[in-house]
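For reference, the structure is listed below as structure tokens.
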Amino acid sequence: MTPVGERPAALVTGSTRGIGRSTALELGRRGFDVAVNCSRSREAGEQVVAELQALGAGAVLCPADVADEGQVRGMAQAVETAFGRLDALVNNAGTTIATPPADLEGLDMADWDRVFAVNVRGLFQVTRACLPLLRRSPTAAVVNLASIAGLRPGAQPLPYSASKAAVAALTRTLAGALGPEVRVNAVAPGWMVGEWMETALGDSYDRLMERRARLTPLRRCVTPDDVARSICALLTGHPFVTGEVVVVDGGFAATT
């Protein structure tokens with residue numbers, strides 16, 4: 001194993017499942033040491049750390065709620081202690097609620113505030129806390145998790161859609177503020193195979209996902225691994241791209 005500090009290092013928030021887990025493992029396969037973040041599921045985080053170590057990557061678990069400024073600062077310090085550097089940041093941590101978008105009166109404003117605290121303020125707090133480390137890297141890059149729900153109308157809960165629109169706007173603003181030292185981009189996944197859409201679609205999951213796949217030029221729905229590969233491409237393969245929001249949905253949004 002290459003000594004810690006000699007390999008590039010990444011922090012992936014919300015990296016115990018879904019896109020975050022796939023991205024952490026893809027970065028490990030591409031030669032990165034990885035800081036794995038979770039807010040509650042420590043056991044799942046330890047499993048991802050073990051998988052990264054099996055790939056030959058350095059890995060450390062950094063539990064933190066990204067909505068909590070003190071915990072975020074502690075996480076950034078833990079990354080510096082573990083790796084002495086940070087070359088890539090993936091702001092993946094996110095949350096949503098179950099309230100349908102048409103049910104305005106049923107929307108609890110505490111739920112609204114929590115979604116924004118994690119999805120928007122959390123992204124900003126983590127980026128700000130990690131910025132001193134990122135600025136020491138000659139190839140620093142950030143990728144934020146937006147969503148197709150933030151770019152066009154859909155059936156997602158109102159605070160989730162609004163928060164992801166804010167992520168797209170923040171991405172462009174941060175790209176201008178942090179350049180030329182740090183590149184900032186985002187990915188916006190479409191309907192994704194797995195538990196997130198299973199929760200959103202309930203008993204209609206199989207039928208609606210199959211219908212979406214038929215209407216998609218690439219004839220399937222996106223997977224966490226698809227999104228992870230796009231994230232890693234933006235982090236490592238596009239040195240003159242910043243301020244962009246890349247839709248990852250097999251062409252559905254572009255053709256319907």
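So you can find residues: chains in the structure tokens are A, B, ... in the order shown, residues in each start at 1, and ligands are numbered from 1 in order.
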Stretch 73-89 of chain A surroundings by only C-alpha atoms, 8 Å radius, close-in-sequence under 6 positions cut, as a CSV table (one decimal) with N, CA and C atoms, in the first residue's frame:
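Contents of the output file selection-v8.csv:
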chain,number,residue,atom,x,y,z
A,4,VAL,N,0.2,6.7,3.4
A,4,VAL,CA,-0.8,7.8,3.6
A,4,VAL,C,-0.1,9.2,3.3
A,5,GLY,N,-0.7,10.0,2.6
A,5,GLY,CA,-0.2,11.3,2.2
A,5,GLY,C,0.4,11.4,0.9
A,8,PRO,N,-3.6,10.8,-3.6
A,8,PRO,CA,-4.6,11.8,-3.4
A,8,PRO,C,-5.7,11.4,-2.4
A,9,ALA,N,-6.3,12.3,-1.8
A,9,ALA,CA,-7.3,12.0,-0.7
A,9,ALA,C,-8.7,12.7,-1.1
A,10,ALA,N,-9.7,12.0,-0.7
A,10,ALA,CA,-11.1,12.5,-1.0
A,10,ALA,C,-12.0,12.3,0.3
A,11,LEU,N,-12.9,13.2,0.4
A,11,LEU,CA,-14.0,13.1,1.4
A,11,LEU,C,-15.3,13.0,0.6
A,12,VAL,N,-16.1,12.0,1.0
A,12,VAL,CA,-17.4,11.8,0.4
A,12,VAL,C,-18.4,11.8,1.5
A,33,ASP,N,-7.1,7.7,-1.3
A,33,ASP,CA,-7.5,7.5,0.0
A,33,ASP,C,-8.8,8.2,0.3
A,35,ALA,N,-12.0,9.5,3.0
A,35,ALA,CA,-12.7,9.7,4.2
A,35,ALA,C,-14.2,9.4,4.0
A,60,VAL,N,-10.8,6.2,6.4
A,60,VAL,CA,-11.1,6.6,7.7
A,60,VAL,C,-12.5,6.9,7.8
A,62,CYS,N,-15.5,9.1,9.3
A,62,CYS,CA,-15.6,10.5,9.9
A,62,CYS,C,-17.1,10.8,10.2
A,63,PRO,N,-17.7,10.3,11.3
A,63,PRO,CA,-19.1,10.5,11.6
A,63,PRO,C,-19.3,12.0,11.8
A,64,ALA,N,-20.4,12.6,11.2
A,64,ALA,CA,-20.7,14.0,11.4
A,64,ALA,C,-22.0,14.2,10.7
A,126,VAL,N,-19.6,22.2,4.7
A,126,VAL,CA,-18.5,21.2,4.5
A,126,VAL,C,-17.5,21.8,3.5
A,127,THR,N,-18.0,22.5,2.5
A,127,THR,CA,-17.1,23.1,1.5
A,127,THR,C,-16.2,24.2,2.2
A,129,ALA,N,-15.4,24.4,5.4
A,129,ALA,CA,-14.5,23.9,6.4
A,129,ALA,C,-13.3,23.2,5.7
A,130,CYS,N,-13.6,22.6,4.5
A,130,CYS,CA,-12.5,21.9,3.7
A,130,CYS,C,-11.7,22.8,2.9
A,133,LEU,N,-7.8,23.0,3.2
A,133,LEU,CA,-7.1,21.8,2.7
A,133,LEU,C,-7.1,21.7,1.2
A,134,LEU,N,-8.3,22.0,0.6
A,134,LEU,CA,-8.4,21.9,-0.9
A,134,LEU,C,-7.5,22.9,-1.6
A,136,ARG,N,-4.6,23.7,-0.8
A,136,ARG,CA,-3.2,23.2,-0.8
A,136,ARG,C,-3.0,22.2,-1.9
A,137,SER,N,-4.0,21.7,-2.6
A,137,SER,CA,-3.9,20.7,-3.6
A,137,SER,C,-3.8,21.4,-5.0
A,138,PRO,N,-2.9,20.9,-5.9
A,138,PRO,CA,-2.8,21.5,-7.2
A,138,PRO,C,-3.9,21.1,-8.1
A,139,THR,N,-4.7,20.1,-7.7
A,139,THR,CA,-5.8,19.6,-8.6
A,139,THR,C,-7.1,19.5,-7.8
A,140,ALA,N,-7.4,20.5,-6.9
A,140,ALA,CA,-8.6,20.4,-6.1
A,140,ALA,C,-9.9,20.5,-6.9
A,141,ALA,N,-10.8,19.7,-6.5
A,141,ALA,CA,-12.1,19.7,-7.2
A,141,ALA,C,-13.2,19.3,-6.3
A,142,VAL,N,-14.4,19.9,-6.4
A,142,VAL,CA,-15.6,19.6,-5.7
A,142,VAL,C,-16.7,19.2,-6.6
A,143,VAL,N,-17.4,18.1,-6.3
A,143,VAL,CA,-18.6,17.8,-7.0
A,143,VAL,C,-19.8,17.7,-6.0
A,235,LEU,N,-14.1,14.9,-11.2
A,235,LEU,CA,-13.0,15.2,-10.3
A,235,LEU,C,-11.7,15.1,-10.9
Contact table stretch 12-126 of chain A vs stretch 150-174 of chain A, cut-off 6 Å, shortest pair per residue, only C-alpha atoms, as JSON lines:
{"residue": "A:Thr96", "atom": "CA", "partner": "A:Tyr160", "partner_atom": "CA", "distance": 5.6}
{"residue": "A:Thr99", "atom": "CA", "partner": "A:Pro157", "partner_atom": "CA", "distance": 5.8}
{"residue": "A:Pro100", "atom": "CA", "partner": "A:Pro157", "partner_atom": "CA", "distance": 5.3}
{"residue": "A:Pro101", "atom": "CA", "partner": "A:Pro157", "partner_atom": "CA", "distance": 4.7}
{"residue": "A:Trp112", "atom": "CA", "partner": "A:Pro159", "partner_atom": "CA", "distance": 5.4}
{"residue": "A:Phe116", "atom": "CA", "partner": "A:Ser163", "partner_atom": "CA", "distance": 5.8}
(request) Check stretch 5-93 of chain A with DSSP on the backbone and list each residue it calls strand (DSSP E), as a ChimeraX atom specification. (result) /A:9-12,33-38,59-63,88-91
(request) Please identify which residues in stretch 32-163 of chain A DSSP calls helix (DSSP H, G or I) from the backbone, and express them as a PyMOL selection string. (result) chain A and resi 42-54+69-83+109-134+148-150+158-163
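Of the residues under consideration (A:Glu46, A:Glu105, A:Glu181, A:Glu198), A:Glu181 shows the shortest atom-to-atom contact distance to A:Pro239 when counting only C-alpha atoms.
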(request) Using only C-alpha atoms, find the one residue out of A:Gly14, A:Arg30, A:Ala54, A:Pro217 that sits nearest to A:Gly122. (result)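 Under the stated criterion, the closest residue is A:Gly14.
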